[in-house]
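Asks: Just one file: run.csv, with CSV, C-alpha atoms.
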chain,number,residue,atom,x,y,z
A,1,ALA,CA,4.0,44.8,58.9
A,2,ALA,CA,4.0,48.5,58.7
A,3,ILE,CA,0.4,48.5,57.5
A,4,LEU,CA,-2.0,45.5,57.8
A,5,MET,CA,-5.5,45.7,56.3
A,6,ARG,CA,-8.4,43.3,56.7
A,7,ASN,CA,-12.0,43.5,55.5
A,8,VAL,CA,-11.7,47.0,54.0
A,9,ASP,CA,-13.2,48.3,50.8
A,10,SER,CA,-11.9,50.5,48.1
A,11,THR,CA,-12.8,53.7,50.0
A,12,VAL,CA,-9.6,53.1,52.0
A,13,LEU,CA,-6.7,55.0,50.4
A,14,ILE,CA,-3.0,54.6,51.2
A,15,ASP,CA,-1.3,57.4,49.3
A,16,GLY,CA,2.1,59.1,49.2
A,17,LEU,CA,3.8,57.1,51.9
A,18,ARG,CA,7.4,55.8,52.2
A,19,ILE,CA,7.2,52.4,53.8
A,20,TYR,CA,10.7,51.0,54.5
A,21,ASN,CA,12.9,48.7,56.6
A,22,ASN,CA,10.2,46.6,58.2
A,23,THR,CA,10.9,43.0,59.2
A,24,ASP,CA,7.4,41.5,58.6
A,25,GLY,CA,6.6,43.1,55.3
A,26,GLY,CA,5.6,46.5,54.1
A,27,ILE,CA,1.9,46.2,53.5
A,28,ILE,CA,-0.4,43.1,54.1
A,29,CYS,CA,-3.9,42.9,52.5
A,30,PHE,CA,-5.8,39.8,53.6
A,31,ASN,CA,-9.3,38.5,54.2
A,32,ASN,CA,-11.2,40.7,51.7
A,33,ALA,CA,-9.0,43.8,51.8
A,34,ASP,CA,-9.7,46.0,48.8
A,35,PRO,CA,-7.8,49.2,49.3
A,36,VAL,CA,-6.3,51.6,46.8
A,37,ILE,CA,-2.5,51.9,47.3
A,38,SER,CA,-1.0,54.8,45.3
A,39,ASN,CA,2.1,57.0,44.9
A,40,CYS,CA,4.0,55.0,47.6
A,41,VAL,CA,7.6,54.0,47.9
A,42,ILE,CA,7.9,50.6,49.5
A,43,GLU,CA,11.5,49.6,50.0
A,44,GLY,CA,13.9,47.5,52.0
A,45,ASN,CA,11.3,45.4,53.7
A,46,ALA,CA,11.6,41.7,54.5
A,47,ALA,CA,8.9,39.0,55.2
A,48,LYS,CA,8.1,35.3,55.1
A,49,GLN,CA,6.2,36.1,51.9
A,50,GLY,CA,5.6,39.3,50.1
A,51,GLY,CA,8.4,41.5,51.2
A,52,GLY,CA,6.9,44.7,49.8
A,53,ILE,CA,3.2,43.8,49.6
A,54,ALA,CA,1.4,40.6,50.5
A,55,ILE,CA,-2.1,40.2,49.0
A,56,GLU,CA,-4.0,37.2,50.3
A,57,GLU,CA,-7.4,35.5,51.0
A,58,THR,CA,-9.7,36.9,48.3
A,59,SER,CA,-8.4,40.5,48.5
A,60,SER,CA,-8.7,42.8,45.5
A,61,PRO,CA,-6.5,45.9,46.0
A,62,LEU,CA,-5.5,48.4,43.3
A,63,VAL,CA,-1.8,49.3,43.4
A,64,SER,CA,-0.8,52.2,41.2
A,65,TYR,CA,2.1,54.6,40.6
A,66,CYS,CA,4.2,52.9,43.3
A,67,THR,CA,7.9,52.1,43.5
A,68,ILE,CA,8.5,48.7,45.1
A,69,THR,CA,12.2,48.2,45.5
A,70,ALA,CA,14.9,46.3,47.4
A,71,ASN,CA,12.5,44.0,49.3
A,72,GLU,CA,13.2,40.4,50.2
A,73,ALA,CA,11.2,37.2,50.9
A,74,PRO,CA,11.2,33.5,50.2
A,75,SER,CA,8.4,34.0,47.6
A,76,GLY,CA,7.1,37.2,46.0
A,77,ALA,CA,9.8,39.5,47.1
A,78,GLY,CA,8.2,42.6,45.6
A,79,ILE,CA,4.5,41.6,45.6
A,80,PHE,CA,3.0,38.2,46.6
A,81,ILE,CA,-0.6,37.4,45.5
A,82,ARG,CA,-2.4,34.2,46.5
A,83,SER,CA,-5.6,32.4,47.5
A,84,GLY,CA,-8.3,33.6,45.3
A,85,CYS,CA,-7.3,37.3,45.0
A,86,ILE,CA,-8.1,39.6,42.1
A,87,ALA,CA,-5.4,42.3,42.1
A,88,THR,CA,-4.6,45.2,39.8
A,89,ILE,CA,-1.1,46.6,39.6
A,90,GLU,CA,-0.5,49.5,37.2
A,91,PHE,CA,2.0,52.2,36.4
A,92,CYS,CA,4.4,50.8,39.0
A,93,THR,CA,8.2,50.3,39.1
A,94,ILE,CA,9.1,47.0,40.7
A,95,GLU,CA,12.9,46.7,40.8
A,96,ASP,CA,15.8,45.0,42.7
A,97,ASN,CA,13.7,42.7,44.8
A,98,HIS,CA,15.2,39.3,45.7
A,99,ILE,CA,14.1,35.9,46.7
A,100,THR,CA,16.0,34.6,49.7
A,101,GLU,CA,15.4,30.8,49.6
A,102,ASN,CA,15.8,28.0,47.0
A,103,TRP,CA,12.8,27.2,44.9
A,104,GLY,CA,11.0,30.5,45.8
A,105,ASN,CA,9.2,32.2,42.9
A,106,GLY,CA,8.5,35.6,41.7
A,107,GLY,CA,11.4,38.0,42.5
A,108,GLY,CA,9.3,40.9,41.3
A,109,ILE,CA,5.8,39.5,41.5
A,110,SER,CA,4.4,36.1,42.4
A,111,VAL,CA,0.8,35.2,41.5
A,112,GLN,CA,-0.5,31.9,43.0
A,113,ASN,CA,-4.0,30.6,42.5
A,114,SER,CA,-5.2,34.2,41.9
A,115,ASP,CA,-5.9,36.6,39.1
A,116,ALA,CA,-3.7,39.6,38.5
A,117,THR,CA,-3.8,42.4,36.0
A,118,ILE,CA,-0.4,43.9,35.7
A,119,ARG,CA,-0.2,46.8,33.2
A,120,ASP,CA,2.1,49.6,32.2
A,121,CYS,CA,4.8,48.5,34.7
A,122,THR,CA,8.6,48.4,34.7
A,123,ILE,CA,9.8,45.1,36.3
A,124,SER,CA,13.6,45.1,36.4
A,125,GLY,CA,16.6,43.8,38.3
A,126,ASN,CA,14.7,41.3,40.4
A,127,SER,CA,16.0,37.8,41.1
A,128,THR,CA,14.9,34.4,42.2
A,129,LEU,CA,16.5,31.2,43.5
A,130,GLY,CA,13.7,29.2,41.9
A,131,HIS,CA,11.3,30.4,39.2
A,132,GLY,CA,10.4,33.7,37.6
A,133,GLY,CA,13.0,36.4,38.3
A,134,GLY,CA,10.6,39.1,37.2
A,135,VAL,CA,7.1,37.5,37.4
A,136,ALA,CA,5.9,34.0,38.3
A,137,PHE,CA,2.4,32.7,37.6
A,138,PHE,CA,1.8,29.4,39.6
A,139,GLN,CA,-0.9,27.0,40.7
A,140,GLY,CA,-3.6,27.9,38.2
A,141,ALA,CA,-3.0,31.7,38.2
A,142,THR,CA,-4.7,33.7,35.6
A,143,GLY,CA,-4.7,37.4,34.5
A,144,LEU,CA,-3.1,39.8,32.2
A,145,LEU,CA,0.4,41.1,31.9
A,146,GLU,CA,0.4,43.9,29.3
A,147,ASN,CA,2.2,47.0,28.1
A,148,SER,CA,5.1,46.4,30.5
A,149,LEU,CA,8.9,46.2,30.4
A,150,ILE,CA,10.4,43.1,32.0
A,151,GLN,CA,14.1,43.7,31.9
A,152,ASN,CA,17.4,42.4,33.4
A,153,ASN,CA,15.8,40.0,35.8
A,154,TYR,CA,17.5,36.7,36.6
A,155,CYS,CA,17.4,33.2,38.1
A,156,SER,CA,20.4,31.9,39.9
A,157,ASN,CA,19.3,28.4,40.9
A,158,GLU,CA,21.1,25.7,39.0
A,159,TRP,CA,17.8,24.1,37.9
A,160,GLY,CA,15.6,27.1,38.0
A,161,SER,CA,13.4,28.6,35.3
A,162,GLY,CA,12.3,31.8,33.8
A,163,GLY,CA,14.7,34.7,34.2
A,164,GLY,CA,12.0,37.1,33.1
A,165,VAL,CA,8.7,35.3,33.4
A,166,SER,CA,7.8,31.8,34.6
A,167,THR,CA,4.4,30.1,34.2
A,168,ASP,CA,3.5,26.8,35.8
A,169,ALA,CA,0.1,25.3,35.2
A,170,SER,CA,-1.2,28.8,34.7
A,171,ASN,CA,-2.8,30.7,31.8
A,172,PRO,CA,-2.3,34.4,31.9
A,173,THR,CA,-2.4,36.5,28.7
A,174,ILE,CA,0.9,38.3,28.1
A,175,ASP,CA,0.4,41.1,25.5
A,176,ASN,CA,2.5,43.9,24.1
A,177,CYS,CA,5.4,43.5,26.5
A,178,VAL,CA,9.1,43.9,26.0
A,179,ILE,CA,11.0,41.1,27.7
A,180,ALA,CA,14.7,41.9,27.3
A,181,GLY,CA,18.0,41.2,28.9
A,182,ASN,CA,16.8,38.6,31.4
A,183,TYR,CA,18.9,35.6,32.1
A,184,GLY,CA,19.7,32.4,34.0
A,185,SER,CA,23.0,32.3,35.8
A,186,GLY,CA,22.3,28.8,37.1
A,187,ALA,CA,23.9,26.2,34.8
A,188,TYR,CA,20.6,24.6,33.6
A,189,THR,CA,18.2,27.5,34.0
A,190,GLU,CA,15.7,27.3,31.1
A,191,GLY,CA,13.8,30.1,29.6
A,192,GLY,CA,16.0,33.2,29.9
A,193,GLY,CA,13.0,35.3,28.7
A,194,ILE,CA,10.0,33.1,29.5
A,195,ASP,CA,9.7,29.6,30.8
A,196,ILE,CA,6.4,27.7,30.4
A,197,GLN,CA,5.5,24.4,32.1
A,198,PHE,CA,2.4,22.2,32.2
A,199,VAL,CA,-1.2,23.1,31.4
A,200,PRO,CA,-3.1,25.3,31.4
A,201,SER,CA,-0.6,27.5,29.5
A,202,PRO,CA,-0.4,31.2,28.6
A,203,THR,CA,-1.3,33.1,25.5
A,204,ILE,CA,1.6,35.4,24.4
A,205,THR,CA,0.9,38.1,21.8
A,206,ASN,CA,2.6,41.2,20.3
A,207,CYS,CA,5.7,40.8,22.5
A,208,THR,CA,9.3,41.6,21.8
A,209,ILE,CA,11.5,39.0,23.5
A,210,ILE,CA,15.1,40.0,22.9
A,211,ASN,CA,18.6,39.6,24.2
A,212,ASN,CA,17.7,37.0,26.8
A,213,ALA,CA,19.9,34.1,27.9
A,214,GLY,CA,19.4,30.7,29.4
A,215,GLY,CA,21.9,29.1,31.8
A,216,PRO,CA,25.3,28.2,30.4
A,217,SER,CA,24.3,24.5,29.8
A,218,ALA,CA,20.6,25.2,29.1
A,219,LEU,CA,18.9,25.2,25.7
A,220,GLY,CA,16.1,27.8,26.1
A,221,GLY,CA,17.3,31.3,25.6
A,222,GLY,CA,14.2,33.3,24.6
A,223,ILE,CA,11.3,31.0,25.4
A,224,ALA,CA,11.4,27.4,26.9
A,225,VAL,CA,8.3,25.3,26.6
A,226,GLN,CA,8.3,22.2,28.8
A,227,TRP,CA,6.3,19.2,30.1
A,228,SER,CA,3.1,19.1,28.1
A,229,ALA,CA,2.6,22.9,27.9
A,230,THR,CA,0.5,24.2,25.0
A,231,PRO,CA,1.0,28.0,24.9
A,232,ILE,CA,-0.3,30.1,22.0
A,233,ILE,CA,2.5,32.4,20.7
A,234,GLU,CA,1.4,35.0,18.1
A,235,ARG,CA,2.9,38.1,16.4
A,236,CYS,CA,6.0,38.1,18.5
A,237,ILE,CA,9.7,38.8,17.9
A,238,ILE,CA,12.0,36.3,19.5
A,239,ALA,CA,15.6,37.4,18.8
A,240,GLY,CA,19.1,37.9,19.9
A,241,SER,CA,19.3,35.3,22.6
A,242,THR,CA,22.9,35.3,23.8
A,243,SER,CA,22.8,31.7,25.1
A,244,GLY,CA,20.3,29.1,24.0
A,245,GLN,CA,17.7,28.8,21.3
A,246,GLY,CA,15.0,31.4,20.5
A,247,LEU,CA,12.2,28.9,21.1
A,248,TYR,CA,13.0,25.5,22.8
A,249,CYS,CA,10.6,22.7,23.5
A,250,ILE,CA,10.9,19.5,25.5
A,251,SER,CA,7.8,17.3,25.6
A,252,ALA,CA,5.6,20.2,24.7
A,253,THR,CA,3.7,21.6,21.7
A,254,PRO,CA,3.2,25.3,21.5
A,255,VAL,CA,1.1,26.8,18.7
A,256,VAL,CA,3.2,29.5,17.0
A,257,SER,CA,2.0,31.9,14.3
A,258,CYS,CA,3.1,35.1,12.6
A,259,CYS,CA,6.4,35.3,14.7
A,260,ASP,CA,9.9,36.5,13.7
A,261,ILE,CA,12.5,34.2,15.3
A,262,PHE,CA,16.1,35.1,14.4
A,263,ASP,CA,19.7,35.7,15.4
A,264,ASN,CA,19.6,33.5,18.5
A,265,ALA,CA,22.9,32.0,19.6
A,266,GLY,CA,21.6,28.5,20.0
A,267,GLY,CA,19.5,28.5,16.8
A,268,ASP,CA,16.2,29.7,15.5
A,269,ALA,CA,14.3,26.4,14.8
A,270,VAL,CA,10.6,26.7,15.5
A,271,CYS,CA,9.1,23.8,17.5
A,272,GLY,CA,5.5,23.0,17.9
A,273,THR,CA,2.8,23.8,15.3
Before we go any further, please render this structure as C-alpha coordinates.

Replies:
Amino acid sequence: AAILMRNVDSTVLIDGLRIYNNTDGGIICFNNADPVISNCVIEGNAAKQGGGIAIEETSSPLVSYCTITANEAPSGAGIFIRSGCIATIEFCTIEDNHITENWGNGGGISVQNSDATIRDCTISGNSTLGHGGGVAFFQGATGLLENSLIQNNYCSNEWGSGGGVSTDASNPTIDNCVIAGNYGSGAYTEGGGIDIQFVPSPTITNCTIINNAGGPSALGGGIAVQWSATPIIERCIIAGSTSGQGLYCISATPVVSCCDIFDNAGGDAVCGT
(Lines of atoms letter the chains of each structure in order from A and count residues from 1; the text may use other names and numbers.)
(Lines give C-alpha, C1' and ligand atoms only; values in the text may rest on other atoms or scores of the structure.)
Protein backbone atom coordinates (compact mmCIF):
# COMPACT_ATOMS: atom_id res chain seq x y z
CA ALA A 1 0.00 0.00 0.00
CA ALA A 2 1.03 3.58 -0.46
CA ILE A 3 0.25 4.28 3.22
CA LEU A 4 -0.11 1.64 5.94
CA MET A 5 -1.10 2.61 9.48
CA ARG A 6 -1.25 0.45 12.59
CA ASN A 7 -1.90 1.40 16.22
CA VAL A 8 -2.16 5.14 15.55
CA ASP A 9 -4.60 7.56 17.17
CA SER A 10 -6.63 10.47 15.82
CA THR A 11 -3.71 12.91 16.13
CA VAL A 12 -2.35 11.34 12.93
CA LEU A 13 -3.54 13.38 9.93
CA ILE A 14 -3.28 12.45 6.26
CA ASP A 15 -4.31 15.59 4.38
CA GLY A 16 -4.24 16.87 0.82
CA LEU A 17 -2.50 13.94 -0.86
CA ARG A 18 -3.06 12.30 -4.23
CA ILE A 19 -2.62 8.54 -3.80
CA TYR A 20 -2.75 6.71 -7.10
CA ASN A 21 -1.83 3.65 -9.16
CA ASN A 22 -0.69 1.42 -6.31
CA THR A 23 -1.01 -2.35 -6.69
CA ASP A 24 -1.63 -3.26 -3.02
CA GLY A 25 -4.18 -0.57 -2.18
CA GLY A 26 -4.09 3.14 -1.53
CA ILE A 27 -4.39 3.33 2.28
CA ILE A 28 -4.59 0.50 4.84
CA CYS A 29 -5.73 1.13 8.42
CA PHE A 30 -5.51 -1.97 10.61
CA ASN A 31 -5.07 -3.10 14.20
CA ASN A 32 -6.50 -0.06 16.02
CA ALA A 33 -5.59 2.59 13.48
CA ASP A 34 -7.70 5.74 14.05
CA PRO A 35 -6.26 8.46 11.79
CA VAL A 36 -8.00 11.41 10.16
CA ILE A 37 -7.86 11.20 6.35
CA SER A 38 -9.04 14.39 4.65
CA ASN A 39 -8.94 16.28 1.35
CA CYS A 40 -7.24 13.39 -0.46
CA VAL A 41 -7.71 12.03 -3.97
CA ILE A 42 -7.38 8.25 -3.92
CA GLU A 43 -7.54 6.88 -7.45
CA GLY A 44 -6.61 4.01 -9.71
CA ASN A 45 -5.42 1.65 -6.97
CA ALA A 46 -5.95 -2.12 -6.87
CA ALA A 47 -5.87 -4.57 -3.96
CA LYS A 48 -7.03 -7.95 -2.70
CA GLN A 49 -9.64 -6.00 -0.70
CA GLY A 50 -10.21 -2.30 -0.31
CA GLY A 51 -8.71 -0.90 -3.49
CA GLY A 52 -8.90 2.70 -2.30
CA ILE A 53 -8.98 2.33 1.50
CA ALA A 54 -8.98 -0.83 3.64
CA ILE A 55 -10.15 -0.41 7.26
CA GLU A 56 -9.70 -3.53 9.39
CA GLU A 57 -9.26 -5.02 12.87
CA THR A 58 -11.00 -2.59 15.25
CA SER A 59 -9.82 0.57 13.51
CA SER A 60 -11.85 3.80 13.72
CA PRO A 61 -10.67 6.35 11.16
CA LEU A 62 -12.45 9.50 10.01
CA VAL A 63 -12.44 9.92 6.23
CA SER A 64 -13.70 13.32 5.07
CA TYR A 65 -13.75 15.49 1.96
CA CYS A 66 -11.98 12.84 -0.10
CA THR A 67 -12.49 11.70 -3.69
CA ILE A 68 -12.15 7.94 -4.04
CA THR A 69 -12.31 6.95 -7.68
CA ALA A 70 -11.41 4.27 -10.23
CA ASN A 71 -10.12 1.74 -7.70
CA GLU A 72 -10.54 -2.04 -8.05
CA ALA A 73 -10.74 -5.03 -5.68
CA PRO A 74 -12.61 -8.32 -5.22
CA SER A 75 -14.58 -6.68 -2.34
CA GLY A 76 -14.90 -3.06 -1.26
CA ALA A 77 -13.36 -1.58 -4.38
CA GLY A 78 -13.60 1.98 -3.06
CA ILE A 79 -13.59 1.41 0.74
CA PHE A 80 -13.52 -1.92 2.58
CA ILE A 81 -14.47 -2.01 6.30
CA ARG A 82 -14.44 -5.19 8.40
CA SER A 83 -13.68 -6.92 11.71
CA GLY A 84 -15.12 -4.77 14.46
CA CYS A 85 -14.29 -1.34 13.06
CA ILE A 86 -16.17 1.90 13.75
CA ALA A 87 -15.54 4.12 10.72
CA THR A 88 -16.89 7.54 9.74
CA ILE A 89 -17.00 8.60 6.10
CA GLU A 90 -18.37 12.07 5.39
CA PHE A 91 -18.49 14.64 2.60
CA CYS A 92 -16.76 12.25 0.20
CA THR A 93 -17.23 11.45 -3.48
CA ILE A 94 -16.94 7.72 -4.13
CA GLU A 95 -17.26 7.03 -7.83
CA ASP A 96 -16.38 4.62 -10.62
CA ASN A 97 -14.89 1.91 -8.40
CA HIS A 98 -15.33 -1.68 -9.58
CA ILE A 99 -15.44 -5.17 -8.11
CA THR A 100 -13.23 -7.57 -10.06
CA GLU A 101 -14.46 -11.04 -8.96
CA ASN A 102 -17.81 -12.82 -8.92
CA TRP A 103 -19.74 -12.55 -5.63
CA GLY A 104 -17.65 -9.68 -4.34
CA ASN A 105 -19.64 -6.95 -2.60
CA GLY A 106 -19.59 -3.21 -2.24
CA GLY A 107 -18.37 -1.55 -5.41
CA GLY A 108 -18.29 1.80 -3.62
CA ILE A 109 -18.19 0.73 0.05
CA SER A 110 -18.32 -2.68 1.73
CA VAL A 111 -19.11 -2.88 5.46
CA GLN A 112 -18.67 -6.32 7.05
CA ASN A 113 -19.13 -7.08 10.75
CA SER A 114 -18.46 -3.42 11.53
CA ASP A 115 -20.21 -0.11 12.17
CA ALA A 116 -20.01 2.66 9.59
CA THR A 117 -21.41 6.18 9.59
CA ILE A 118 -21.64 7.37 6.00
CA ARG A 119 -23.04 10.87 5.65
CA ASP A 120 -23.25 13.65 3.08
CA CYS A 121 -21.54 11.55 0.40
CA THR A 122 -22.04 11.05 -3.33
CA ILE A 123 -21.70 7.39 -4.27
CA SER A 124 -22.03 6.99 -8.03
CA GLY A 125 -21.02 4.89 -11.01
CA ASN A 126 -19.65 2.00 -8.94
CA SER A 127 -20.21 -1.64 -9.88
CA THR A 128 -20.23 -5.12 -8.40
CA LEU A 129 -20.15 -8.68 -9.69
CA GLY A 130 -22.07 -9.82 -6.61
CA HIS A 131 -23.93 -7.54 -4.19
CA GLY A 132 -24.22 -3.83 -3.59
CA GLY A 133 -23.00 -1.79 -6.52
CA GLY A 134 -22.93 1.34 -4.37
CA VAL A 135 -22.87 0.14 -0.76
CA ALA A 136 -23.03 -3.33 0.83
CA PHE A 137 -23.72 -4.09 4.52
CA PHE A 138 -22.88 -7.73 5.32
CA GLN A 139 -22.29 -10.11 8.23
CA GLY A 140 -24.08 -8.19 10.96
CA ALA A 141 -22.96 -4.75 9.87
CA THR A 142 -24.56 -1.75 11.55
CA GLY A 143 -24.38 2.00 11.21
CA LEU A 144 -25.95 4.96 9.47
CA LEU A 145 -26.19 5.94 5.80
CA GLU A 146 -27.67 9.43 5.66
CA ASN A 147 -28.00 12.59 3.58
CA SER A 148 -26.29 10.91 0.64
CA LEU A 149 -26.82 10.44 -3.09
CA ILE A 150 -26.50 6.84 -4.31
CA GLN A 151 -26.82 7.09 -8.07
CA ASN A 152 -26.08 5.14 -11.25
CA ASN A 153 -24.43 2.19 -9.53
CA TYR A 154 -24.99 -1.31 -10.89
CA CYS A 155 -24.69 -5.05 -10.45
CA SER A 156 -23.75 -7.16 -13.45
CA ASN A 157 -23.81 -10.67 -11.95
CA GLU A 158 -26.68 -12.79 -13.31
CA TRP A 159 -27.92 -13.63 -9.79
CA GLY A 160 -26.56 -10.60 -7.96
CA SER A 161 -28.45 -8.14 -5.79
CA GLY A 162 -28.65 -4.48 -4.96
CA GLY A 163 -27.63 -2.16 -7.75
CA GLY A 164 -27.54 0.73 -5.30
CA VAL A 165 -27.48 -0.78 -1.79
CA SER A 166 -27.44 -4.38 -0.53
CA THR A 167 -27.95 -5.52 3.07
CA ASP A 168 -27.45 -9.12 4.19
CA ALA A 169 -28.19 -9.98 7.83
CA SER A 170 -27.37 -6.39 8.73
CA ASN A 171 -29.36 -3.54 10.25
CA PRO A 172 -28.06 -0.11 9.34
CA THR A 173 -30.34 2.92 9.34
CA ILE A 174 -30.71 4.52 5.90
CA ASP A 175 -32.14 8.02 6.25
CA ASN A 176 -32.77 10.99 4.00
CA CYS A 177 -30.97 9.54 0.98
CA VAL A 178 -31.70 9.77 -2.74
CA ILE A 179 -31.23 6.37 -4.35
CA ALA A 180 -31.68 6.92 -8.07
CA GLY A 181 -30.83 5.38 -11.43
CA ASN A 182 -29.22 2.25 -10.02
CA TYR A 183 -29.74 -1.02 -11.86
CA GLY A 184 -29.02 -4.66 -12.38
CA SER A 185 -27.71 -5.69 -15.77
CA GLY A 186 -27.60 -9.38 -14.76
CA ALA A 187 -30.76 -11.19 -15.85
CA TYR A 188 -32.02 -11.99 -12.34
CA THR A 189 -30.47 -9.18 -10.31
CA GLU A 190 -32.99 -8.19 -7.62
CA GLY A 191 -33.30 -4.82 -5.97
CA GLY A 192 -32.23 -2.22 -8.49
CA GLY A 193 -32.33 0.43 -5.77
CA ILE A 194 -32.03 -1.65 -2.58
CA ASP A 195 -31.90 -5.38 -1.90
CA ILE A 196 -32.56 -6.65 1.65
CA GLN A 197 -31.95 -10.24 2.75
CA PHE A 198 -32.26 -12.07 6.09
CA VAL A 199 -32.36 -10.67 9.62
CA PRO A 200 -31.45 -8.41 11.22
CA SER A 201 -32.76 -5.94 8.66
CA PRO A 202 -32.40 -2.20 8.07
CA THR A 203 -34.62 0.74 8.88
CA ILE A 204 -35.20 2.98 5.84
CA THR A 205 -36.71 6.42 6.43
CA ASN A 206 -37.27 9.65 4.50
CA CYS A 207 -35.66 8.33 1.31
CA THR A 208 -36.45 8.94 -2.35
CA ILE A 209 -35.93 5.72 -4.30
CA ILE A 210 -36.55 6.57 -7.92
CA ASN A 211 -35.85 5.42 -11.49
CA ASN A 212 -34.06 2.22 -10.49
CA ALA A 213 -34.26 -1.09 -12.37
CA GLY A 214 -33.90 -4.74 -11.52
CA GLY A 215 -32.43 -7.20 -13.99
CA PRO A 216 -34.41 -7.94 -17.17
CA SER A 217 -36.01 -11.08 -15.67
CA ALA A 218 -36.10 -9.89 -12.05
CA LEU A 219 -39.10 -8.58 -10.12
CA GLY A 220 -37.63 -6.05 -7.70
CA GLY A 221 -37.01 -2.67 -9.29
CA GLY A 222 -37.07 -0.21 -6.40
CA ILE A 223 -36.67 -2.40 -3.29
CA ALA A 224 -36.50 -6.20 -3.11
CA VAL A 225 -37.05 -7.82 0.31
CA GLN A 226 -36.07 -11.49 0.53
CA TRP A 227 -35.57 -14.53 2.74
CA SER A 228 -37.22 -13.68 6.08
CA ALA A 229 -36.09 -10.06 6.10
CA THR A 230 -38.18 -7.65 8.21
CA PRO A 231 -37.09 -4.10 7.35
CA ILE A 232 -38.95 -1.01 8.50
CA ILE A 233 -39.70 1.34 5.58
CA GLU A 234 -41.23 4.70 6.56
CA ARG A 235 -41.95 8.02 4.84
CA CYS A 236 -40.30 7.04 1.56
CA ILE A 237 -41.05 7.63 -2.11
CA ILE A 238 -40.55 4.53 -4.27
CA ALA A 239 -41.31 5.47 -7.84
CA GLY A 240 -40.41 5.28 -11.49
CA SER A 241 -38.74 1.87 -11.55
CA THR A 242 -38.06 1.16 -15.20
CA SER A 243 -37.92 -2.63 -14.70
CA GLY A 244 -39.58 -4.50 -11.85
CA GLN A 245 -41.98 -3.64 -9.04
CA GLY A 246 -41.58 -0.72 -6.71
CA LEU A 247 -41.52 -3.02 -3.67
CA TYR A 248 -41.13 -6.77 -4.19
CA CYS A 249 -41.15 -9.44 -1.46
CA ILE A 250 -40.27 -13.11 -1.49
CA SER A 251 -40.62 -15.01 1.82
CA ALA A 252 -40.23 -11.74 3.72
CA THR A 253 -42.42 -9.29 5.63
CA PRO A 254 -41.39 -5.63 5.65
CA VAL A 255 -43.25 -3.10 7.82
CA VAL A 256 -44.26 -0.25 5.51
CA SER A 257 -45.89 3.03 6.56
CA CYS A 258 -46.48 6.52 5.18
CA CYS A 259 -44.86 5.72 1.81
CA ASP A 260 -45.78 6.79 -1.73
CA ILE A 261 -45.26 3.93 -4.20
CA PHE A 262 -46.22 4.77 -7.77
CA ASP A 263 -45.41 4.66 -11.47
CA ASN A 264 -43.25 1.54 -11.31
CA ALA A 265 -43.03 -0.52 -14.50
CA GLY A 266 -43.70 -3.86 -12.81
CA GLY A 267 -46.45 -2.59 -10.50
CA ASP A 268 -46.97 -0.71 -7.27
CA ALA A 269 -48.50 -3.37 -5.00
CA VAL A 270 -47.31 -3.09 -1.41
CA CYS A 271 -46.20 -6.31 0.27
CA GLY A 272 -45.68 -6.82 3.96
CA THR A 273 -47.62 -5.01 6.69

Asks: Point out the residue among A:Cys249, A:Ile150, A:Ala169, A:Ile37 with the least atom-to-atom distance to Asn211 (chain A), counting only C-alpha atoms.

Replies: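 Of A:Cys249, A:Ile150, A:Ala169, A:Ile37, the one nearest Asn211 (chain A), counting only C-alpha atoms, is A:Ile150.
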
Asks: Nearest to Asn212 (chain A): which of A:Ala180, A:Ala1, A:Ala265, A:Val270 is it, counting only C-alpha atoms?

Replies: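 Of A:Ala180, A:Ala1, A:Ala265, A:Val270, the one nearest Asn212 (chain A) is A:Ala180, counting only C-alpha atoms.
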
Asks: Using all atoms listed in the file, find each residue in region 74-148 of chain A having at least one atom no more than 7 Å away from region 160-167 of chain A; report its shortest atom-to-atom pair and that distance in Å (one decimal), rows by chain then rising number, as a Markdown table.

Replies:
| residue | atom | partner | partner_atom | distance |
| --- | --- | --- | --- | --- |
| A:Leu129 | CA | A:Gly160 | CA | 6.9 |
| A:Gly130 | CA | A:Gly160 | CA | 4.8 |
| A:His131 | CA | A:Ser161 | CA | 4.8 |
| A:Gly132 | CA | A:Ser166 | CA | 4.4 |
| A:Gly133 | CA | A:Gly163 | CA | 4.8 |
| A:Gly134 | CA | A:Gly164 | CA | 4.8 |
| A:Val135 | CA | A:Val165 | CA | 4.8 |
| A:Ala136 | CA | A:Ser166 | CA | 4.7 |
| A:Phe137 | CA | A:Thr167 | CA | 4.7 |
| A:Phe138 | CA | A:Thr167 | CA | 6.0 |

Asks: One number please: CA of Gly244 (chain A) to CA of Gly108 (chain A), in Å, one decimal.

Replies: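 Interatomic distance, CA of Gly244 (chain A) to CA of Gly108 (chain A): 23.7 Å.
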
Asks: Of the candidates A:Ala2, A:Val255, A:Ile42, A:Ile179, which shows the shortest atom-to-atom distance to Gly221 (chain A), using all atoms listed in the file?

Replies: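 Going through A:Ala2, A:Val255, A:Ile42, A:Ile179 one by one, the smallest distance to Gly221 (chain A) is for A:Ile179.
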
Asks: Within 7 Å of Thr93 (chain A), counting only C-alpha atoms, which residues qualify if same-chain residues fewer than 2 places away don't, as a list in words?

Replies: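 Here the answer would be Cys66, Thr67, Ile68, Glu95, Cys121, Thr122 and Ile123 of chain A.
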
Asks: If you measure from CA of Gly84 (chain A) to CA of Ala229 (chain A), what distance in Å do you get, rounded to one decimal?

Replies: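 Atom-to-atom, CA of Gly84 (chain A) and CA of Ala229 (chain A) are spaced 23.2 Å apart.
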
Asks: For CA of Ser241 (chain A) and CA of Ile210 (chain A), determine how far apart the two atoms are, in Å to one decimal place.

Replies: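 If I compute the distance from CA of Ser241 (chain A) to CA of Ile210 (chain A), I get 6.3 Å.
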